[in-house]
>>> print(open('final_21.txt').read())   # compact mmCIF, C-alpha atoms and all ligand atoms
# COMPACT_ATOMS: atom_id res chain seq x y z
CA MET Q 1 14.06 -24.31 0.49
CA ASN Q 2 11.56 -21.81 1.85
CA THR Q 3 8.31 -23.09 3.30
CA TYR Q 4 6.21 -22.16 0.28
CA LEU Q 5 8.49 -24.02 -2.15
CA ILE Q 6 8.27 -27.13 0.03
CA GLU Q 7 4.58 -27.05 0.94
CA ASN Q 8 3.04 -25.14 -1.99
CA GLU Q 9 0.62 -23.59 0.45
CA LYS Q 10 -0.50 -20.21 -0.93
CA SER Q 11 -0.82 -18.58 2.45
CA ARG Q 12 2.95 -19.05 2.88
CA CYS Q 13 3.97 -16.78 -0.03
CA CYS Q 14 3.54 -12.99 -0.20
CA GLY Q 15 4.77 -12.78 -3.82
CA CYS Q 16 7.66 -10.38 -3.15
CA ALA Q 17 9.94 -12.27 -5.61
CA ILE Q 18 13.02 -11.90 -3.42
CA CYS Q 19 13.68 -15.68 -3.47
CA SER Q 20 13.82 -15.65 -7.25
CA PHE Q 21 16.14 -12.63 -7.22
CA ALA Q 22 18.43 -14.04 -4.53
CA CYS Q 23 18.77 -17.58 -5.93
CA PRO Q 24 22.45 -17.96 -6.90
CA THR Q 25 21.76 -20.55 -9.62
CA LYS Q 26 18.63 -18.84 -11.05
CA ALA Q 27 16.66 -21.99 -10.24
CA ILE Q 28 13.60 -19.99 -9.18
CA HIS Q 29 11.26 -18.03 -11.44
CA MET Q 30 7.94 -16.33 -10.72
CA ASP Q 31 4.68 -17.72 -12.18
CA TYR Q 32 1.16 -16.35 -12.01
CA ASP Q 33 -1.86 -18.27 -10.72
CA ASP Q 34 -5.37 -17.98 -12.21
CA GLU Q 35 -6.15 -15.01 -9.98
CA GLY Q 36 -3.05 -13.17 -11.20
CA PHE Q 37 -0.89 -13.48 -8.08
CA ALA Q 38 2.82 -14.25 -8.49
CA PHE Q 39 4.34 -17.35 -6.88
CA PRO Q 40 7.84 -18.84 -7.18
CA ALA Q 41 8.50 -22.14 -8.93
CA VAL Q 42 11.76 -24.04 -8.64
CA ASP Q 43 13.64 -25.98 -11.30
CA ASP Q 44 14.97 -28.93 -9.25
CA SER Q 45 17.70 -29.64 -11.75
CA LEU Q 46 19.26 -26.21 -11.00
CA CYS Q 47 18.63 -26.09 -7.25
CA VAL Q 48 21.80 -26.61 -5.16
CA LYS Q 49 19.87 -26.60 -1.84
CA CYS Q 50 21.85 -23.65 -0.48
CA GLY Q 51 18.92 -22.39 1.62
CA LYS Q 52 19.20 -18.81 0.34
CA CYS Q 53 15.50 -18.74 -0.66
CA LYS Q 54 14.55 -19.53 2.93
CA ALA Q 55 16.98 -17.05 4.47
CA VAL Q 56 15.50 -14.15 2.48
CA CYS Q 57 11.81 -15.15 2.59
CA PRO Q 58 9.73 -12.64 4.60
CA MET Q 59 7.20 -15.37 5.40
CA ASP Q 60 9.97 -17.44 7.02
CA VAL Q 61 12.31 -14.82 8.48
CA PHE Q 62 11.07 -11.74 10.37
CA LYS Q 63 13.67 -9.16 11.33
CA LYS Q 64 11.47 -6.89 13.37
CA GLN Q 65 12.86 -3.76 15.00
CA GLU Q 66 14.20 -4.34 18.48
CA GLU Q 67 13.68 -0.89 19.96
CA GLN Q 68 10.47 0.26 21.62
CA ALA Q 69 8.44 2.26 19.11
CA THR Q 70 6.92 5.69 19.73
CA ALA Q 71 3.59 6.66 18.12
CA TYR Q 72 2.76 10.11 16.75
CA ALA Q 73 -0.05 11.88 14.97
CA ALA Q 74 1.37 14.05 12.20
CA TYR Q 75 0.68 15.97 9.03
CA SER Q 76 2.60 18.17 6.64
CA LYS Q 77 2.36 21.94 7.08
CA ASP Q 78 2.16 22.15 3.27
CA ASN Q 79 -1.48 21.70 2.30
CA ALA Q 80 -0.62 21.02 -1.34
CA ILE Q 81 1.39 17.99 -0.19
CA ILE Q 82 -1.40 16.70 2.05
CA LYS Q 83 -3.95 17.04 -0.76
CA THR Q 84 -1.92 14.82 -3.09
CA SER Q 85 -1.10 12.21 -0.43
CA SER Q 86 -3.25 9.50 1.11
CA SER Q 87 -3.13 10.60 4.71
CA GLY Q 88 -1.04 13.43 6.17
CA GLY Q 89 1.67 13.63 3.49
CA ILE Q 90 4.45 12.37 5.74
CA PHE Q 91 5.89 10.08 3.07
CA ALA Q 92 6.35 13.02 0.68
CA GLU Q 93 8.06 15.11 3.37
CA LEU Q 94 10.43 12.27 4.27
CA ALA Q 95 11.20 11.50 0.63
CA LYS Q 96 11.80 15.15 -0.25
CA LYS Q 97 14.25 15.62 2.61
CA PHE Q 98 15.98 12.36 1.73
CA ILE Q 99 16.44 13.31 -1.93
CA LEU Q 100 17.64 16.81 -1.09
CA SER Q 101 20.32 15.29 1.11
CA GLY Q 102 21.59 13.18 -1.78
CA GLY Q 103 19.58 9.97 -1.36
CA LYS Q 104 17.34 7.97 -3.68
CA VAL Q 105 13.81 6.78 -2.98
CA CYS Q 106 12.35 3.43 -3.95
CA GLY Q 107 8.56 3.28 -3.86
CA CYS Q 108 5.45 2.30 -5.73
CA THR Q 109 4.04 3.98 -8.83
CA ILE Q 110 1.27 3.30 -11.34
CA ASP Q 111 2.48 3.63 -14.92
CA ASP Q 112 0.70 4.78 -18.10
CA GLU Q 113 -0.57 1.24 -18.68
CA HIS Q 114 -1.97 1.24 -15.09
CA GLN Q 115 0.61 -1.30 -13.96
CA VAL Q 116 1.54 -0.99 -10.29
CA LYS Q 117 5.26 -1.42 -9.62
CA HIS Q 118 8.21 -0.18 -7.59
CA ILE Q 119 10.62 2.31 -9.15
CA LEU Q 120 13.60 4.36 -7.98
CA ILE Q 121 13.62 8.15 -8.13
CA ASN Q 122 16.32 10.68 -7.38
CA CYS Q 123 14.73 14.08 -7.91
CA VAL Q 124 11.99 15.96 -6.09
CA ASP Q 125 10.09 16.59 -9.36
CA GLU Q 126 9.39 12.85 -9.58
CA LEU Q 127 7.89 12.60 -6.09
CA SER Q 128 4.33 12.74 -7.38
CA LEU Q 129 4.96 9.42 -9.18
CA LEU Q 130 5.16 7.72 -5.78
CA GLN Q 131 2.65 9.69 -3.76
CA GLY Q 132 -0.65 8.06 -2.85
CA SER Q 133 -1.66 4.50 -2.02
CA LYS Q 134 -2.32 2.06 -4.83
CA TYR Q 135 -4.49 -0.79 -3.59
CA VAL Q 136 -2.95 -3.41 -5.86
CA GLN Q 137 0.07 -5.66 -5.28
CA SER Q 138 3.12 -3.76 -6.45
CA ASP Q 139 5.67 -5.61 -8.59
CA LEU Q 140 9.05 -5.36 -6.89
CA SER Q 141 11.01 -7.47 -9.34
CA ASN Q 142 11.62 -4.58 -11.78
CA CYS Q 143 13.74 -2.54 -9.46
CA LEU Q 144 15.67 -5.14 -7.44
CA ASN Q 145 18.70 -5.08 -9.75
CA LYS Q 146 19.00 -1.29 -9.52
CA LEU Q 147 18.40 -1.33 -5.78
CA SER Q 148 21.10 -3.96 -5.36
CA ALA Q 149 23.63 -1.95 -7.39
CA LEU Q 150 22.95 1.24 -5.42
CA LEU Q 151 23.26 -0.45 -2.03
CA LYS Q 152 26.49 -2.18 -3.09
CA GLN Q 153 27.92 1.25 -3.93
CA GLY Q 154 26.88 2.47 -0.46
CA GLU Q 155 24.30 4.93 -1.87
CA LYS Q 156 21.62 6.12 0.56
CA VAL Q 157 18.22 4.62 -0.29
CA LEU Q 158 14.83 5.15 1.33
CA PHE Q 159 12.66 2.10 0.61
CA VAL Q 160 8.89 2.36 1.11
CA GLY Q 161 6.50 -0.56 0.79
CA THR Q 162 4.22 -3.06 2.45
CA PRO Q 163 5.78 -4.73 5.52
CA CYS Q 164 6.43 -8.00 3.65
CA GLN Q 165 8.28 -6.07 0.92
CA VAL Q 166 10.32 -4.16 3.50
CA SER Q 167 11.14 -7.42 5.23
CA ALA Q 168 12.21 -9.04 1.94
CA VAL Q 169 14.53 -6.14 1.15
CA LYS Q 170 15.99 -6.15 4.67
CA ASN Q 171 16.51 -9.93 4.60
CA HIS Q 172 18.49 -9.83 1.38
CA PHE Q 173 20.37 -6.53 1.15
CA ASP Q 174 23.05 -4.90 3.20
CA CYS Q 175 21.15 -2.35 5.31
CA LYS Q 176 23.99 0.05 6.14
CA SER Q 177 22.86 2.80 3.75
CA LEU Q 178 19.23 1.67 3.62
CA ILE Q 179 16.38 3.18 5.58
CA THR Q 180 12.93 1.61 5.42
CA VAL Q 181 9.34 2.78 5.79
CA ASP Q 182 6.61 0.16 6.07
CA LEU Q 183 2.93 0.90 5.62
CA LEU Q 184 0.20 -0.35 7.85
CA CYS Q 185 -1.34 -2.78 5.37
CA HIS Q 186 -4.76 -4.23 4.82
CA GLY Q 187 -3.58 -6.60 2.09
CA VAL Q 188 -3.38 -6.43 -1.70
CA PRO Q 189 -5.56 -7.55 -4.64
CA SER Q 190 -3.84 -8.77 -7.83
CA GLN Q 191 -2.86 -6.71 -10.88
CA LYS Q 192 -5.01 -9.04 -13.00
CA LEU Q 193 -8.12 -8.10 -11.00
CA PHE Q 194 -7.25 -4.42 -11.31
CA ASP Q 195 -6.72 -4.76 -15.10
CA PHE Q 196 -10.13 -6.41 -15.29
CA TYR Q 197 -11.67 -3.54 -13.32
CA ILE Q 198 -10.15 -0.95 -15.65
CA LYS Q 199 -11.55 -2.83 -18.64
CA TYR Q 200 -14.96 -2.82 -16.96
CA LEU Q 201 -14.81 0.97 -16.42
CA GLU Q 202 -13.75 1.52 -20.04
CA GLU Q 203 -16.62 -0.62 -21.33
CA LYS Q 204 -19.10 1.03 -18.99
CA HIS Q 205 -18.17 4.55 -20.14
CA LYS Q 206 -17.27 3.56 -23.70
CA GLY Q 207 -13.96 5.40 -23.53
CA LYS Q 208 -10.31 5.08 -22.53
CA LEU Q 209 -9.28 5.35 -18.90
CA THR Q 210 -6.44 7.88 -18.76
CA GLU Q 211 -5.91 8.18 -14.99
CA ILE Q 212 -6.99 6.44 -11.81
CA VAL Q 213 -6.26 7.65 -8.28
CA PHE Q 214 -7.24 5.56 -5.25
CA ARG Q 215 -7.30 8.31 -2.64
CA ASP Q 216 -8.80 11.46 -4.12
CA LYS Q 217 -9.19 14.44 -1.79
CA GLU Q 218 -10.60 16.98 -4.28
CA LYS Q 219 -14.15 15.78 -3.92
CA PHE Q 220 -14.67 14.50 -0.38
CA GLY Q 221 -11.45 15.41 1.46
CA TRP Q 222 -9.74 12.76 3.63
CA SER Q 223 -11.76 9.68 2.79
CA ILE Q 224 -11.49 6.59 0.65
CA THR Q 225 -12.64 7.96 -2.68
CA GLN Q 226 -11.47 6.84 -6.08
CA ARG Q 227 -11.07 9.28 -8.96
CA TYR Q 228 -10.73 8.29 -12.60
CA LYS Q 229 -10.71 10.02 -15.96
CA ILE Q 230 -12.28 8.68 -19.12
CA GLN Q 231 -11.39 10.01 -22.54
CA LYS Q 232 -14.02 9.89 -25.28
CA LYS Q 233 -12.92 11.39 -28.58
CA ASN Q 234 -11.34 14.68 -27.46
CA LYS Q 235 -13.25 15.07 -24.22
CA ILE Q 236 -12.05 13.91 -20.80
CA LYS Q 237 -14.58 13.41 -18.02
CA THR Q 238 -13.69 12.89 -14.35
CA TYR Q 239 -15.63 10.46 -12.14
CA TYR Q 240 -15.54 10.01 -8.36
CA LEU Q 241 -16.55 6.88 -6.49
CA GLU Q 242 -16.78 6.79 -2.73
CA ARG Q 243 -15.66 3.49 -1.12
CA HIS Q 244 -19.18 2.04 -0.83
CA THR Q 245 -20.03 2.76 -4.45
CA SER Q 246 -16.89 1.35 -6.12
CA GLU Q 247 -17.10 -2.38 -6.78
CA TYR Q 248 -13.29 -2.63 -6.61
CA PHE Q 249 -12.96 -0.76 -3.31
CA SER Q 250 -15.94 -2.45 -1.71
CA GLY Q 251 -14.64 -5.93 -2.42
CA PHE Q 252 -11.20 -4.96 -1.14
CA LEU Q 253 -12.38 -3.24 2.03
CA ARG Q 254 -14.78 -6.09 2.79
CA ASN Q 255 -11.77 -8.46 2.61
CA MET Q 256 -12.93 -10.40 -0.42
CA THR Q 257 -10.05 -9.85 -2.82
CA GLN Q 258 -6.77 -9.89 -0.88
CA ARG Q 259 -3.90 -12.19 -1.64
CA GLU Q 260 -4.25 -15.44 0.34
CA SER Q 261 -1.17 -14.74 2.51
CA CYS Q 262 -2.63 -11.38 3.62
CA TYR Q 263 -5.24 -13.18 5.73
CA SER Q 264 -2.53 -14.67 7.92
CA CYS Q 265 -0.02 -11.82 7.59
CA PRO Q 266 2.64 -12.06 10.33
CA TYR Q 267 3.31 -8.29 10.08
CA THR Q 268 -0.03 -7.11 11.46
CA THR Q 269 1.48 -6.25 14.82
CA ILE Q 270 2.79 -3.20 16.64
CA ASN Q 271 6.30 -4.71 16.47
CA ARG Q 272 7.19 -3.30 13.09
CA VAL Q 273 9.78 -4.23 10.49
CA GLY Q 274 10.52 -0.76 9.05
CA ASP Q 275 12.47 2.08 10.67
CA ILE Q 276 9.27 4.10 10.36
CA THR Q 277 5.66 2.94 9.92
CA LEU Q 278 3.04 5.11 8.20
CA ALA Q 279 -0.73 4.77 8.40
CA ASP Q 280 -3.92 6.78 8.19
CA PHE Q 281 -4.86 7.87 11.69
CA TRP Q 282 -8.42 6.58 11.32
CA GLY Q 283 -10.34 7.23 14.53
CA VAL Q 284 -8.28 10.31 15.45
CA ASP Q 285 -11.57 12.24 15.49
CA LYS Q 286 -12.74 9.98 18.32
CA VAL Q 287 -9.61 9.57 20.44
CA ARG Q 288 -7.77 12.87 19.88
CA PRO Q 289 -10.05 15.33 18.03
CA ASP Q 290 -7.46 18.06 18.74
CA LEU Q 291 -5.12 16.31 16.25
CA LEU Q 292 -7.64 15.96 13.43
CA ASN Q 293 -6.79 17.58 10.11
CA LEU Q 294 -9.79 17.36 7.77
CA ASP Q 295 -7.45 16.81 4.80
CA GLY Q 296 -5.66 13.91 6.50
CA THR Q 297 -3.81 12.98 9.67
CA SER Q 298 -1.07 10.37 9.49
CA LEU Q 299 -0.19 7.93 12.20
CA ILE Q 300 3.56 7.40 12.52
CA PHE Q 301 5.42 4.73 14.42
CA VAL Q 302 9.09 5.56 14.88
CA ASN Q 303 10.68 2.16 15.38
CA SER Q 304 14.44 2.73 15.40
CA LYS Q 305 17.19 5.34 15.88
CA LYS Q 306 17.51 5.66 12.09
CA GLY Q 307 13.80 6.39 11.87
CA GLU Q 308 14.01 8.90 14.71
CA ASN Q 309 16.85 10.77 12.98
CA LEU Q 310 14.92 11.04 9.73
CA ILE Q 311 11.76 12.30 11.45
CA GLU Q 312 13.91 14.82 13.37
CA GLN Q 313 15.10 16.24 10.02
CA ILE Q 314 11.55 17.08 8.86
CA LYS Q 315 10.23 18.38 12.19
CA ASP Q 316 10.09 21.99 11.00
CA ARG Q 317 7.97 20.94 7.98
CA ILE Q 318 5.33 18.95 9.83
CA PHE Q 319 2.94 19.19 12.73
CA ILE Q 320 3.69 16.25 15.08
CA SER Q 321 2.40 15.16 18.48
CA GLU Q 322 3.04 11.98 20.46
CA VAL Q 323 0.04 9.74 21.12
CA SER Q 324 -0.53 6.65 23.25
CA PHE Q 325 -0.54 3.18 21.67
CA ASP Q 326 -4.12 2.67 22.79
CA ASP Q 327 -5.20 5.77 20.87
CA ALA Q 328 -3.04 4.80 17.88
CA ILE Q 329 -4.55 1.37 17.38
CA TYR Q 330 -8.10 2.26 18.45
CA GLN Q 331 -9.49 2.04 14.90
CA ASN Q 332 -6.47 0.56 13.13
CA ILE Q 333 -7.22 -3.12 13.50
CA ASN Q 334 -4.34 -4.12 11.20
CA PHE Q 335 -1.87 -3.27 13.97
CA VAL Q 336 -3.35 -6.16 15.89
CA SER Q 337 -4.63 -8.76 13.44
CA PRO Q 338 -4.75 -9.56 9.72
CA PRO Q 339 -7.86 -8.80 7.64
CA ARG Q 340 -10.59 -11.36 8.34
CA LYS Q 341 -11.19 -13.49 5.24
CA HIS Q 342 -14.67 -13.03 3.73
CA ALA Q 343 -16.70 -16.19 3.28
CA LEU Q 344 -16.80 -15.59 -0.50
CA ARG Q 345 -13.01 -15.13 -0.88
CA SER Q 346 -12.33 -18.54 -2.39
CA ARG Q 347 -14.89 -17.98 -5.19
CA ILE Q 348 -14.85 -14.25 -5.79
CA TYR Q 349 -12.09 -14.03 -8.42
CA ASP Q 350 -13.73 -16.84 -10.43
CA LEU Q 351 -17.10 -15.12 -10.16
CA ILE Q 352 -15.77 -11.72 -11.21
CA PHE Q 353 -13.77 -13.10 -14.16
CA LYS Q 354 -16.77 -15.18 -15.29
CA TYR Q 355 -19.69 -12.76 -14.78
CA GLY Q 356 -17.97 -9.39 -14.65
CA PHE Q 357 -17.74 -6.54 -12.13
CA LYS Q 358 -21.21 -5.18 -12.93
CA GLU Q 359 -23.13 -8.34 -12.05
CA ILE Q 360 -20.94 -9.51 -9.16
CA GLY Q 361 -20.66 -5.96 -7.88
CA LYS Q 362 -24.41 -5.68 -7.40
CA LYS Q 363 -24.76 -9.21 -6.09
CA HIS Q 364 -21.77 -9.50 -3.76
CA LEU Q 365 -19.16 -6.73 -3.72
CA LEU Q 366 -21.21 -3.61 -2.94
CA PRO Q 367 -22.84 -3.34 0.48
CA LYS Q 368 -26.63 -3.58 0.67
CA ASN Q 369 -26.94 0.14 1.53
CA SER Q 370 -24.74 1.21 -1.37
CA TYR Q 371 -27.66 3.16 -2.90
CA LYS Q 372 -27.65 5.60 0.07
CA TYR Q 373 -24.03 6.46 -0.65
CA LYS Q 374 -24.79 6.80 -4.35
CA ILE Q 375 -27.47 9.37 -3.52
CA ALA Q 376 -25.11 11.24 -1.17
CA GLN Q 377 -22.46 11.17 -3.88
CA PHE Q 378 -24.91 12.45 -6.47
CA LEU Q 379 -25.96 15.30 -4.14
CA ASN Q 380 -22.29 16.05 -3.41
CA ILE Q 381 -22.80 15.33 0.28
CA ASN Q 382 -19.50 14.63 1.97
CA VAL Q 383 -20.44 11.85 4.40
CA THR Q 384 -16.94 11.41 5.86
CA LYS Q 385 -16.46 15.14 6.43
CA MET Q 386 -19.85 15.44 8.14
CA ARG Q 387 -18.90 12.62 10.50
CA LEU Q 388 -15.50 14.16 11.23
CA LEU Q 389 -16.95 17.64 11.77
CA ARG Q 390 -19.50 16.29 14.24
CA ARG Q 391 -16.57 15.23 16.43
CA LYS Q 392 -14.47 18.37 16.09
C1 LIG H 1 -2.04 -1.82 -0.06
C2 LIG H 1 -2.10 -0.82 1.05
C3 LIG H 1 -2.93 -1.07 2.15
C4 LIG H 1 -2.99 -0.13 3.20
N1 LIG H 1 -3.81 -0.38 4.27
C5 LIG H 1 -3.90 0.52 5.27
C6 LIG H 1 -4.76 0.29 6.40
O1 LIG H 1 -5.46 -0.73 6.47
N2 LIG H 1 -4.79 1.22 7.39
C7 LIG H 1 -4.04 2.37 7.34
O2 LIG H 1 -4.10 3.17 8.26
N3 LIG H 1 -3.20 2.59 6.30
C8 LIG H 1 -3.12 1.71 5.27
N4 LIG H 1 -2.27 1.94 4.21
C9 LIG H 1 -1.36 3.11 4.29
C10 LIG H 1 -2.01 4.42 3.87
O3 LIG H 1 -2.87 4.21 2.77
C11 LIG H 1 -0.95 5.46 3.47
O4 LIG H 1 -0.10 4.90 2.52
C12 LIG H 1 -0.12 5.93 4.61
O5 LIG H 1 -0.94 6.53 5.57
C13 LIG H 1 0.94 6.93 4.16
O6 LIG H 1 0.34 8.08 3.75
P1 LIG H 1 1.16 9.37 3.31
O7 LIG H 1 0.15 10.46 3.11
O8 LIG H 1 2.26 9.63 4.28
O9 LIG H 1 1.90 8.95 2.00
P2 LIG H 1 1.42 8.66 0.51
O10 LIG H 1 1.66 9.81 -0.38
O11 LIG H 1 0.12 8.05 0.50
O12 LIG H 1 2.57 7.61 0.09
C14 LIG H 1 2.36 6.32 0.05
C15 LIG H 1 3.63 5.52 -0.07
O13 LIG H 1 3.16 4.21 -0.19
C16 LIG H 1 3.80 3.53 -1.23
N5 LIG H 1 2.81 2.64 -1.84
C17 LIG H 1 1.66 3.02 -2.47
N6 LIG H 1 1.02 1.95 -2.92
C18 LIG H 1 1.75 0.87 -2.60
C19 LIG H 1 1.63 -0.52 -2.85
N7 LIG H 1 0.59 -1.04 -3.51
N8 LIG H 1 2.60 -1.33 -2.40
C20 LIG H 1 3.68 -0.85 -1.75
N9 LIG H 1 3.85 0.47 -1.49
C21 LIG H 1 2.90 1.31 -1.91
C22 LIG H 1 4.26 4.61 -2.18
O14 LIG H 1 5.49 4.21 -2.74
C23 LIG H 1 4.48 5.80 -1.28
O15 LIG H 1 5.82 5.73 -0.89
C24 LIG H 1 -2.20 1.04 3.15
C25 LIG H 1 -1.39 1.29 2.03
C26 LIG H 1 -1.33 0.36 0.99
C27 LIG H 1 -0.44 0.64 -0.19
>>> encode(input="final_21.txt", output="structure tokens")
Amino acid sequence: MNTYLIENEKSRCCGCAICSFACPTKAIHMDYDDEGFAFPAVDDSLCVKCGKCKAVCPMDVFKKQEEQATAYAAYSKDNAIIKTSSSGGIFAELAKKFILSGGKVCGCTIDDEHQVKHILINCVDELSLLQGSKYVQSDLSNCLNKLSALLKQGEKVLFVGTPCQVSAVKNHFDCKSLITVDLLCHGVPSQKLFDFYIKYLEEKHKGKLTEIVFRDKEKFGWSITQRYKIQKKNKIKTYYLERHTSEYFSGFLRNMTQRESCYSCPYTTINRVGDITLADFWGVDKVRPDLLNLDGTSLIFVNSKKGENLIEQIKDRIFISEVSFDDAIYQNINFVSPPRKHALRSRIYDLIFKYGFKEIGKKHLLPKNSYKYKIAQFLNINVTKMRLLRRK
């Protein structure tokens, strides 16, 4: 059995659900803990001790790329694509090319009920469903059957996800027609916490939340700004919250709400698992101001020949320039180590569920100087852009 199923130690399970999917006797099912994170549970009477759950587990088996990676700064030449993406829009360019050449793309969406999950798409019109980071653990289990069927038929699939998800998929499926993109990852909060946050916003504004976007660029450009829409009767109002003024974002970025396994993530290294790695090129303004795009610069690691071929195919659609590893990881700590667990982590979910986001937000989640950012936000001052422009 995999290490988690033997030891029941939460830090040993990333919740990808691949063990449950791969189990030949269906002895494993996924359960949720009080915080809303999924963990496998085994029915001993059905287990035949075949070891499949260990062989596919990304916390036990790491198939990292063997070739030496190359790092690049890049962004799409299409500003409309950059504006609707988290960083430089490289995912959308890759996915578009892949679909136009007859492939399918498996990535993460947020549905009408605000549930974050992986889906498969096969037309360019659906690309917007996948664009943009969702800072919630995505449920993979929905699409594994479809993914399996496609790969068995030898269909070309581009899979995009967190490194543990990419690893899970690579451990279980035949990779001949599969190409993978992993994201530099800071960890994931649970869907239950996100549901609770949405309820809080709806109660606060006395309306129905109709849309939430984690990386808005309309208001403050390339930054970490959340946008959401609240419907009251027939009117819809849009709200923007910069990272220091959103209770959800603040808790996440201060490492209070990640899944337990994220704090000892084995994938926070420059030896990547995907054919390509995508990240925000935070710090580009300091190390290579010539490569700064105010709407977003992506950092790309090309980790394999397959990855190199795919990037080659979009070269006319993007601006791309090689950078040194030192410059690449300068401000991207998650290439070197996992997020550092906040002292309040073990109690924060309990506190939020008991006292609510409003009270715990003020007391613990928001930084002490949050009011300064609220004022800047109110005055429409773009703090991130001012900082970036100072360097340009
Ligand atoms: C949970 C999470 C944490 C991240 N942490 C960092 C970080 O610390 N530093 C950093 O530089 N970059 C981080 N990123 C990556 C960054 O936010 C961008 O996704 C990346 O730069 C690609 O941007 P893009 O403009 O090319 O594509 P985008 O249009 O942003 O496309 C994003 C792709 O990510 C996938 N995706 C979105 N949400 C999830 C999810 N919850 N789970 C799995 N896949 C998802 C989508 O399917 C899509 O394919 C993180 C992303 C996620 C999802």
>>> closest_residue(input="final_21.txt", among="Q:Ser321, Q:Gln153, Q:Ser304, Q:Asn271", to="Asp290 of chain Q", atoms="only C-alpha atoms")
Q:Ser321
>>> atom_distance(input="final_21.txt", atom1="atom C11 of ligand LIG 1 (chain H)", atom2="atom CA of Pro58 of chain Q")
21.0 Å
>>> residues_around(input="final_21.txt", residues="Asp280 of chain Q", least_positions_apart="3", cutoff="9 Å", atoms="only C-alpha atoms", output="PyMOL selection string")
chain Q and resi 86-88+184+296-300+332
>>> residues_near_ligand(input="final_21.txt", ligand="ligand LIG 1 (chain H)", cutoff="8 Å", atoms="all atoms listed in the file", output="ChimeraX atom specification")
/Q:82,84-92,106-109,116-118,130-138,159-162,165,183-188,278-282,296,298-299,332-334
>>> closest_residue(input="final_21.txt", among="Q:Asp295, Q:Asp216, Q:Asp285, Q:Glu312", to="Gln331 of chain Q", atoms="only C-alpha atoms")
Q:Asp285
>>> residues_near_point(input="final_21.txt", point="(0.2, 6.7, 18.4)", cutoff="8 Å", atoms="all atoms listed in the file", output="number ranges by chain")
Q: 70-73, 299-301, 322-329
>>> atom_distance(input="final_21.txt", atom1="atom CA of Pro163 of chain Q", atom2="atom CA of Asn303 of chain Q")
13.0 Å
>>> axis_aligned_box(input="final_21.txt", around="segment 82-94 of chain Q", padding_each_side="6 Å", output="lines of an AutoDock Vina configuration file")
center_x = 3.2
center_y = 13.3
center_z = 1.5
size_x = 26.4
size_y = 19.5
size_z = 21.3
>>> build_atoms(input="final_21.txt", residues="segment 333-344 of chain Q", atoms="N, CA and C atoms", output="short mmCIF file (atom, residue, chain, number, x, y, z; two decimals), keeping the file's coordinate frame")
data_model
loop_
_atom_site.label_atom_id
_atom_site.label_comp_id
_atom_site.auth_asym_id
_atom_site.auth_seq_id
_atom_site.Cartn_x
_atom_site.Cartn_y
_atom_site.Cartn_z
N ILE Q 333 -7.19 -1.70 13.14
CA ILE Q 333 -7.22 -3.12 13.50
C ILE Q 333 -6.00 -3.89 12.96
N ASN Q 334 -5.45 -3.39 11.80
CA ASN Q 334 -4.34 -4.12 11.20
C ASN Q 334 -3.01 -4.00 11.96
N PHE Q 335 -3.02 -3.24 13.07
CA PHE Q 335 -1.87 -3.27 13.97
C PHE Q 335 -1.97 -4.46 14.91
N VAL Q 336 -3.11 -5.11 14.91
CA VAL Q 336 -3.35 -6.16 15.89
C VAL Q 336 -3.63 -7.51 15.22
N SER Q 337 -4.33 -7.48 14.10
CA SER Q 337 -4.63 -8.76 13.44
C SER Q 337 -4.79 -8.57 11.93
N PRO Q 338 -4.60 -9.66 11.18
CA PRO Q 338 -4.75 -9.56 9.72
C PRO Q 338 -6.21 -9.34 9.32
N PRO Q 339 -6.47 -8.94 8.07
CA PRO Q 339 -7.86 -8.80 7.64
C PRO Q 339 -8.58 -10.16 7.75
N ARG Q 340 -9.83 -10.12 8.15
CA ARG Q 340 -10.59 -11.36 8.34
C ARG Q 340 -11.15 -11.80 6.99
N LYS Q 341 -10.81 -13.03 6.58
CA LYS Q 341 -11.19 -13.49 5.24
C LYS Q 341 -12.72 -13.57 5.08
N HIS Q 342 -13.23 -12.98 4.01
CA HIS Q 342 -14.67 -13.03 3.73
C HIS Q 342 -15.05 -14.44 3.27
N ALA Q 343 -16.26 -14.83 3.62
CA ALA Q 343 -16.70 -16.19 3.28
C ALA Q 343 -16.66 -16.46 1.77
N LEU Q 344 -16.78 -15.40 0.97
CA LEU Q 344 -16.80 -15.59 -0.50
C LEU Q 344 -15.40 -15.56 -1.13
#
